[in-house]
$ cat target_28.cif   # mmCIF, C-alpha atoms
data_target
loop_
_atom_site.group_PDB
_atom_site.id
_atom_site.type_symbol
_atom_site.label_atom_id
_atom_site.label_comp_id
_atom_site.auth_asym_id
_atom_site.auth_seq_id
_atom_site.Cartn_x
_atom_site.Cartn_y
_atom_site.Cartn_z
ATOM 1 C CA MET A 1 -117.270 32.463 35.276
ATOM 2 C CA THR A 2 -117.328 28.743 34.882
ATOM 3 C CA LYS A 3 -114.859 26.414 33.213
ATOM 4 C CA LYS A 4 -115.787 23.491 31.054
ATOM 5 C CA GLN A 5 -113.017 21.061 30.187
ATOM 6 C CA SER A 6 -113.333 18.327 27.600
ATOM 7 C CA ARG A 7 -110.944 15.427 27.340
ATOM 8 C CA THR A 8 -111.530 12.105 25.704
ATOM 9 C CA GLY A 9 -108.024 10.905 26.411
ATOM 10 C CA ILE A 10 -104.911 10.425 24.384
ATOM 11 C CA ARG A 11 -104.726 7.072 22.686
ATOM 12 C CA THR A 12 -101.314 5.536 22.259
ATOM 13 C CA VAL A 13 -99.791 2.299 21.085
ATOM 14 C CA LEU A 14 -102.107 1.487 18.202
ATOM 15 C CA LEU A 15 -99.933 0.163 15.484
ATOM 16 C CA PHE A 16 -96.528 -1.437 15.643
ATOM 17 C CA LEU A 17 -95.193 -3.052 12.564
ATOM 18 C CA PHE A 18 -92.413 -5.430 11.760
ATOM 19 C CA ALA A 19 -91.236 -6.035 8.255
ATOM 20 C CA ALA A 20 -88.366 -8.342 7.462
ATOM 21 C CA VAL A 21 -86.872 -8.147 4.016
ATOM 22 C CA LEU A 22 -84.407 -10.824 3.129
ATOM 23 C CA LEU A 23 -81.998 -10.049 0.350
ATOM 24 C CA VAL A 24 -79.753 -12.729 -1.072
ATOM 25 C CA VAL A 25 -77.112 -11.009 -3.139
ATOM 26 C CA GLY A 26 -73.538 -11.103 -4.327
ATOM 27 C CA GLY A 27 -71.994 -14.494 -4.841
ATOM 28 C CA ILE A 28 -70.177 -16.218 -7.651
ATOM 29 C CA GLY A 29 -71.185 -17.335 -11.079
ATOM 30 C CA THR A 30 -70.241 -18.331 -14.589
ATOM 31 C CA ALA A 31 -71.652 -17.485 -17.973
ATOM 32 C CA THR A 32 -73.879 -20.547 -17.765
ATOM 33 C CA ALA A 33 -74.988 -20.112 -14.156
ATOM 34 C CA SER A 34 -78.700 -19.882 -13.440
ATOM 35 C CA PRO A 35 -80.137 -17.400 -10.926
ATOM 36 C CA LEU A 36 -81.858 -18.496 -7.738
ATOM 37 C CA ILE A 37 -85.042 -16.797 -6.457
ATOM 38 C CA LYS A 38 -84.534 -13.863 -8.835
ATOM 39 C CA SER A 39 -81.551 -12.692 -6.852
ATOM 40 C CA GLU A 40 -78.021 -11.852 -7.842
ATOM 41 C CA TYR A 41 -76.741 -15.028 -6.238
ATOM 42 C CA TYR A 42 -75.786 -17.562 -8.889
ATOM 43 C CA SER A 43 -75.278 -21.290 -8.603
ATOM 44 C CA GLY A 44 -71.797 -21.983 -9.826
ATOM 45 C CA GLY A 45 -71.508 -25.328 -8.125
ATOM 46 C CA VAL A 46 -72.237 -23.760 -4.719
ATOM 47 C CA GLU A 47 -75.404 -24.805 -2.924
ATOM 48 C CA MET A 48 -77.535 -21.967 -1.540
ATOM 49 C CA TYR A 49 -78.474 -22.673 2.057
ATOM 50 C CA ASP A 50 -81.427 -21.287 3.982
ATOM 51 C CA ILE A 51 -81.344 -17.747 5.319
ATOM 52 C CA GLY A 52 -83.668 -16.249 7.907
ATOM 53 C CA VAL A 53 -84.059 -13.713 10.701
ATOM 54 C CA THR A 54 -86.333 -13.287 13.705
ATOM 55 C CA LEU A 55 -87.004 -10.103 15.653
ATOM 56 C CA CYS A 56 -87.046 -10.735 19.404
ATOM 57 C CA GLU A 57 -88.598 -8.475 22.027
ATOM 58 C CA ASN A 58 -87.759 -8.838 25.707
ATOM 59 C CA GLY A 59 -86.505 -12.362 25.105
ATOM 60 C CA GLU A 60 -89.458 -13.571 23.042
ATOM 61 C CA ALA A 61 -89.694 -14.075 19.282
ATOM 62 C CA VAL A 62 -92.059 -11.532 17.742
ATOM 63 C CA SER A 63 -91.838 -11.756 13.969
ATOM 64 C CA SER A 64 -89.752 -13.665 11.474
ATOM 65 C CA ARG A 65 -89.098 -14.422 7.860
ATOM 66 C CA ASN A 66 -87.164 -17.496 6.792
ATOM 67 C CA TYR A 67 -86.286 -18.755 3.337
ATOM 68 C CA THR A 68 -86.462 -22.513 3.000
ATOM 69 C CA LYS A 69 -85.672 -24.716 0.067
ATOM 70 C CA ASN A 70 -87.949 -27.596 -0.757
ATOM 71 C CA GLU A 71 -88.616 -28.145 -4.424
ATOM 72 C CA ARG A 72 -88.302 -24.387 -4.782
ATOM 73 C CA TYR A 73 -87.507 -21.458 -2.548
ATOM 74 C CA VAL A 74 -90.386 -20.418 -0.343
ATOM 75 C CA THR A 75 -90.700 -18.197 2.706
ATOM 76 C CA GLU A 76 -91.998 -18.927 6.150
ATOM 77 C CA GLU A 77 -93.331 -15.743 7.707
ATOM 78 C CA SER A 78 -94.770 -14.845 11.087
ATOM 79 C CA TYR A 79 -95.725 -11.313 12.143
ATOM 80 C CA ALA A 80 -96.936 -9.923 15.451
ATOM 81 C CA PRO A 81 -97.170 -6.406 16.906
ATOM 82 C CA LEU A 82 -94.446 -4.900 19.031
ATOM 83 C CA LEU A 83 -95.154 -3.594 22.556
ATOM 84 C CA ALA A 84 -98.108 -5.917 23.020
ATOM 85 C CA THR A 85 -96.765 -7.208 26.324
ATOM 86 C CA ILE A 86 -94.612 -4.403 27.765
ATOM 87 C CA VAL A 87 -97.464 -3.208 29.979
ATOM 88 C CA PRO A 88 -98.381 -5.691 32.740
ATOM 89 C CA GLU A 89 -101.831 -7.198 32.400
ATOM 90 C CA GLY A 90 -104.486 -5.041 34.004
ATOM 91 C CA GLU A 91 -102.391 -1.868 33.821
ATOM 92 C CA GLN A 92 -102.465 1.045 31.397
ATOM 93 C CA PHE A 93 -99.666 2.577 29.368
ATOM 94 C CA HIS A 94 -98.414 5.786 30.982
ATOM 95 C CA MET A 95 -96.638 8.473 29.032
ATOM 96 C CA GLY A 96 -93.463 9.566 30.773
ATOM 97 C CA GLN A 97 -92.910 6.125 32.283
ATOM 98 C CA THR A 98 -89.958 4.002 31.184
ATOM 99 C CA TYR A 99 -90.655 0.467 29.995
ATOM 100 C CA SER A 100 -88.317 -2.388 29.151
ATOM 101 C CA GLU A 101 -88.021 -2.758 25.385
ATOM 102 C CA VAL A 102 -85.081 -5.030 24.625
ATOM 103 C CA LEU A 103 -84.896 -5.707 20.898
ATOM 104 C CA THR A 104 -82.538 -8.245 19.344
ATOM 105 C CA VAL A 105 -82.219 -10.213 16.113
ATOM 106 C CA LYS A 106 -81.810 -13.989 15.936
ATOM 107 C CA ASN A 107 -80.444 -16.013 13.032
ATOM 108 C CA THR A 108 -83.173 -18.584 12.396
ATOM 109 C CA GLY A 109 -81.800 -19.699 9.068
ATOM 110 C CA ASN A 110 -79.199 -22.296 8.186
ATOM 111 C CA ILE A 111 -76.395 -20.010 7.075
ATOM 112 C CA ASP A 112 -74.266 -17.456 8.890
ATOM 113 C CA GLU A 113 -75.232 -13.890 8.014
ATOM 114 C CA TYR A 114 -74.853 -10.169 8.551
ATOM 115 C CA VAL A 115 -77.942 -8.335 9.766
ATOM 116 C CA ARG A 116 -79.282 -4.812 9.681
ATOM 117 C CA ALA A 117 -82.077 -3.164 11.668
ATOM 118 C CA THR A 118 -83.897 -0.040 10.529
ATOM 119 C CA VAL A 119 -86.029 1.691 13.153
ATOM 120 C CA TYR A 120 -88.778 4.188 12.309
ATOM 121 C CA LYS A 121 -90.692 6.263 14.852
ATOM 122 C CA TYR A 122 -93.349 8.903 14.166
ATOM 123 C CA TRP A 123 -96.800 10.162 15.116
ATOM 124 C CA MET A 124 -100.141 9.718 13.385
ATOM 125 C CA ASP A 125 -103.485 11.449 13.814
ATOM 126 C CA GLU A 126 -106.827 9.726 14.298
ATOM 127 C CA ASN A 127 -107.302 9.569 10.520
ATOM 128 C CA GLY A 128 -104.104 7.599 10.007
ATOM 129 C CA LYS A 129 -102.127 10.525 8.587
ATOM 130 C CA LYS A 130 -98.569 11.205 9.689
ATOM 131 C CA LEU A 131 -98.194 14.203 11.997
ATOM 132 C CA THR A 132 -95.220 16.452 11.280
ATOM 133 C CA THR A 133 -96.020 18.835 14.141
ATOM 134 C CA LEU A 134 -94.866 16.340 16.761
ATOM 135 C CA SER A 135 -91.201 15.429 16.977
ATOM 136 C CA PRO A 136 -90.160 11.773 16.744
ATOM 137 C CA ASP A 137 -87.691 12.621 19.521
ATOM 138 C CA MET A 138 -90.643 12.510 21.921
ATOM 139 C CA ILE A 139 -90.677 8.751 21.309
ATOM 140 C CA ASP A 140 -87.527 7.728 23.154
ATOM 141 C CA LEU A 141 -86.708 4.206 22.057
ATOM 142 C CA ASN A 142 -83.284 4.067 23.657
ATOM 143 C CA LEU A 143 -80.931 2.611 21.064
ATOM 144 C CA VAL A 144 -77.825 0.822 22.268
ATOM 145 C CA THR A 145 -74.821 1.338 20.033
ATOM 146 C CA GLY A 146 -71.312 0.267 20.939
ATOM 147 C CA SER A 147 -72.575 -3.192 21.947
ATOM 148 C CA GLY A 148 -71.985 -4.724 18.528
ATOM 149 C CA TRP A 149 -74.247 -2.319 16.633
ATOM 150 C CA ILE A 150 -73.045 0.639 14.587
ATOM 151 C CA GLU A 151 -75.194 3.428 13.179
ATOM 152 C CA ASP A 152 -75.077 4.581 9.584
ATOM 153 C CA GLU A 153 -75.393 8.292 10.281
ATOM 154 C CA THR A 154 -75.497 9.105 6.567
ATOM 155 C CA LEU A 155 -78.886 7.367 6.327
ATOM 156 C CA SER A 156 -80.316 8.246 9.732
ATOM 157 C CA THR A 157 -82.865 11.029 10.327
ATOM 158 C CA THR A 158 -84.983 12.069 13.305
ATOM 159 C CA GLU A 159 -87.557 9.538 12.108
ATOM 160 C CA ARG A 160 -85.258 6.746 10.909
ATOM 161 C CA THR A 161 -82.184 5.070 12.375
ATOM 162 C CA VAL A 162 -80.170 2.507 10.402
ATOM 163 C CA LEU A 163 -78.061 0.045 12.398
ATOM 164 C CA TYR A 164 -75.645 -2.677 11.280
ATOM 165 C CA TYR A 165 -74.463 -5.540 13.450
ATOM 166 C CA ARG A 166 -70.673 -5.536 13.256
ATOM 167 C CA GLU A 167 -70.174 -9.252 13.701
ATOM 168 C CA ILE A 168 -71.176 -12.325 11.773
ATOM 169 C CA LEU A 169 -74.356 -13.726 13.275
ATOM 170 C CA PRO A 170 -73.910 -17.522 13.390
ATOM 171 C CA ILE A 171 -76.735 -19.990 12.869
ATOM 172 C CA GLY A 172 -79.061 -20.038 15.875
ATOM 173 C CA GLU A 173 -77.318 -17.153 17.615
ATOM 174 C CA GLU A 174 -78.795 -13.830 18.763
ATOM 175 C CA THR A 175 -77.346 -10.342 18.537
ATOM 176 C CA GLN A 176 -76.701 -8.002 21.402
ATOM 177 C CA ALA A 177 -79.653 -5.700 22.074
ATOM 178 C CA PHE A 178 -80.026 -2.648 19.841
ATOM 179 C CA SER A 179 -82.586 -1.072 22.190
ATOM 180 C CA ASP A 180 -83.291 -1.489 25.886
ATOM 181 C CA THR A 181 -86.030 0.917 27.024
ATOM 182 C CA LEU A 182 -88.968 2.944 25.726
ATOM 183 C CA THR A 183 -90.220 6.233 27.158
ATOM 184 C CA VAL A 184 -92.840 8.416 25.470
ATOM 185 C CA SER A 185 -92.746 12.070 26.499
ATOM 186 C CA GLY A 186 -95.226 12.961 29.215
ATOM 187 C CA THR A 187 -95.560 16.569 28.048
ATOM 188 C CA LEU A 188 -98.088 15.787 25.331
ATOM 189 C CA PRO A 189 -101.200 15.822 27.553
ATOM 190 C CA PHE A 190 -100.363 19.375 28.635
ATOM 191 C CA LYS A 191 -100.442 20.839 25.124
ATOM 192 C CA VAL A 192 -103.851 22.551 25.161
ATOM 193 C CA THR A 193 -105.782 25.365 23.508
ATOM 194 C CA GLN A 194 -108.339 27.350 25.495
ATOM 195 C CA THR A 195 -111.224 29.311 23.962
ATOM 196 C CA GLU A 196 -113.819 31.506 25.647
ATOM 197 C CA LYS A 197 -117.398 32.018 24.505
ATOM 198 C CA ASP A 198 -120.236 33.533 26.522
ATOM 199 C CA GLY A 199 -118.189 33.354 29.680
ATOM 200 C CA VAL A 200 -117.423 29.660 29.229
ATOM 201 C CA ILE A 201 -113.814 28.585 28.838
ATOM 202 C CA THR A 202 -113.338 25.408 26.828
ATOM 203 C CA THR A 203 -110.052 23.540 27.025
ATOM 204 C CA LYS A 204 -109.175 21.428 23.995
ATOM 205 C CA TYR A 205 -106.276 19.040 24.085
ATOM 206 C CA ASP A 206 -104.267 19.654 20.919
ATOM 207 C CA TYR A 207 -103.273 16.061 20.379
ATOM 208 C CA GLU A 208 -106.253 13.997 21.397
ATOM 209 C CA ASN A 209 -106.429 10.602 19.729
ATOM 210 C CA VAL A 210 -102.927 10.722 18.303
ATOM 211 C CA THR A 211 -100.839 7.558 18.236
ATOM 212 C CA PHE A 212 -97.128 6.997 18.267
ATOM 213 C CA GLN A 213 -95.777 4.505 15.794
ATOM 214 C CA ILE A 214 -92.685 2.300 15.882
ATOM 215 C CA GLU A 215 -91.590 0.151 12.953
ATOM 216 C CA VAL A 216 -88.602 -2.184 12.943
ATOM 217 C CA HIS A 217 -87.369 -3.601 9.642
ATOM 218 C CA VAL A 218 -84.788 -6.391 9.810
ATOM 219 C CA ASP A 219 -82.923 -7.861 6.863
ATOM 220 C CA ALA A 220 -79.873 -10.033 6.255
ATOM 221 C CA VAL A 221 -77.229 -10.980 3.710
ATOM 222 C CA GLN A 222 -74.971 -13.982 3.511
ATOM 223 C CA THR A 223 -71.346 -13.731 4.592
ATOM 224 C CA HIS A 224 -69.882 -14.928 1.276
ATOM 225 C CA ASN A 225 -68.315 -11.991 -0.551
ATOM 226 C CA ALA A 226 -69.777 -9.851 2.224
ATOM 227 C CA ALA A 227 -68.611 -6.392 1.190
ATOM 228 C CA ALA A 228 -70.071 -6.760 -2.292
ATOM 229 C CA ALA A 229 -73.243 -8.363 -0.934
ATOM 230 C CA ILE A 230 -73.802 -5.530 1.540
ATOM 231 C CA LYS A 231 -73.104 -2.910 -1.107
ATOM 232 C CA SER A 232 -75.586 -4.507 -3.490
ATOM 233 C CA ALA A 233 -78.288 -5.119 -0.885
ATOM 234 C CA TRP A 234 -77.955 -2.108 1.367
ATOM 235 C CA GLY A 235 -76.035 0.420 -0.716
ATOM 236 C CA CYS A 236 -73.441 0.750 2.025
ATOM 237 C CA ASP A 237 -69.654 0.612 1.642
ATOM 238 C CA VAL A 238 -68.151 -1.483 4.408
ATOM 239 C CA THR A 239 -64.767 -2.885 5.286
ATOM 240 C CA VAL A 240 -64.743 -6.534 6.349
ATOM 241 C CA TYR A 241 -61.796 -7.526 8.520
ATOM 242 C CA ASP A 242 -60.096 -10.911 8.810
ATOM 243 C CA ASP A 243 -62.073 -11.746 11.989
ATOM 244 C CA GLY A 244 -65.349 -11.148 10.164
ATOM 245 C CA THR A 245 -66.211 -7.852 11.847
ATOM 246 C CA LEU A 246 -67.139 -4.920 9.670
ATOM 247 C CA SER A 247 -66.997 -1.154 9.775
ATOM 248 C CA ILE A 248 -68.668 1.508 7.650
ATOM 249 C CA SER A 249 -66.203 2.828 5.111
#
$ encode --input "target_28.cif" --output "structure tokens"
Amino acid sequence: MTKKQSRTGIRTVLLFLFAAVLLVVGGIGTATASPLIKSEYYSGGVEMYDIGVTLCENGEAVSSRNYTKNERYVTEESYAPLLATIVPEGEQFHMGQTYSEVLTVKNTGNIDEYVRATVYKYWMDENGKKLTTLSPDMIDLNLVTGSGWIEDETLSTTERTVLYYREILPIGEETQAFSDTLTVSGTLPFKVTQTEKDGVITTKYDYENVTFQIEVHVDAVQTHNAAAAIKSAWGCDVTVYDDGTLSIS
């Protein structure tokens, strides 16, 4: 009896997205106030300053969105894939190996702000369809809570984690890391199905050509009337203390 094994390899790290959504909400107003950039922030004699965030990976800026005011409000956007540089040049990504993946958020606007990070992780097949047969837990992006970040467990699932930075993020400053390492389970290549026909055993790897996906969405709100702004933008009830720190109510 002979054995014939076929393996074209498991492809990983295809698509890594960053989306930053800036919401400018809350604020003050009068009956004659006019809205700015179709938000719920009204100009009642208070000038609206610039707001912006940048996602940083291992100390380098990856993607950003900044609102700027010239004659009107416009956005400056820059997007790049995550994990593009975690593997040293000339080497291959190895499942089961731990890589440095330090993610932070920087305030690149001109106003102090509160920030939130929403992390998604999941698997997709070679046709771009989401795979529900593989657990997102096999994608171990190690999240660091207790270092300034708190998790909203009411919104988190195995695929999604919602994190709030407890402190005001001043202009030009960077948060503590909300992740530090990435390890993708090394068990996947061993999930096989064997069939026998005419004395020939064929081994098929169940998850050939699958990809793991990581998305990080970052958004921000201004610190003025923070509790109301966060409730309006993020739907979350928070308590804001005198020192500016917040907790989930």
$ resolve_selection --input "target_28.cif" --expression "the PyMOL selection byres ((chain A and resi 181) around 8)" --output "ChimeraX atom specification"
/A:98-102,140-142,179-180,182-183
$ resolve_selection --input "target_28.cif" --expression "the PyMOL selection byres ((chain A and resi 79-96) around 7)" --output "list in words"
Phe16, Leu17, Phe18, Val62, Ser63, Ser64, Glu77, Ser78, Gln97, Thr98, Tyr99, Ser100, Thr183, Val184, Ser185 and Gly186 of chain A
$ atom_distance --input "target_28.cif" --atom1 "atom CA of Val221 of chain A" --atom2 "atom CA of Val115 of chain A"
6.6 Å
$ atom_distance --input "target_28.cif" --atom1 "atom CA of Thr54 of chain A" --atom2 "atom CA of Glu174 of chain A"
9.1 Å
$ atom_distance --input "target_28.cif" --atom1 "atom CA of Leu134 of chain A" --atom2 "atom CA of Glu159 of chain A"
11.0 Å
$ closest_atom_pairs --input "target_28.cif" --of "segment 139-203 of chain A" --to "segment 231-241 of chain A" --cutoff "10 Å" --atoms "only C-alpha atoms" --output "JSON lines"
{"residue": "A:Asp152", "atom": "CA", "partner": "A:Cys236", "partner_atom": "CA", "distance": 8.6}
{"residue": "A:Thr154", "atom": "CA", "partner": "A:Cys236", "partner_atom": "CA", "distance": 9.7}
{"residue": "A:Leu155", "atom": "CA", "partner": "A:Cys236", "partner_atom": "CA", "distance": 9.6}
{"residue": "A:Arg166", "atom": "CA", "partner": "A:Val240", "partner_atom": "CA", "distance": 9.2}
{"residue": "A:Glu167", "atom": "CA", "partner": "A:Val240", "partner_atom": "CA", "distance": 9.5}
$ resolve_selection --input "target_28.cif" --expression "the PyMOL selection byres ((chain A and resi 110) around 6)" --output "list in words"
Asp50, Ile51, Gly109, Ile111 and Ile171 of chain A
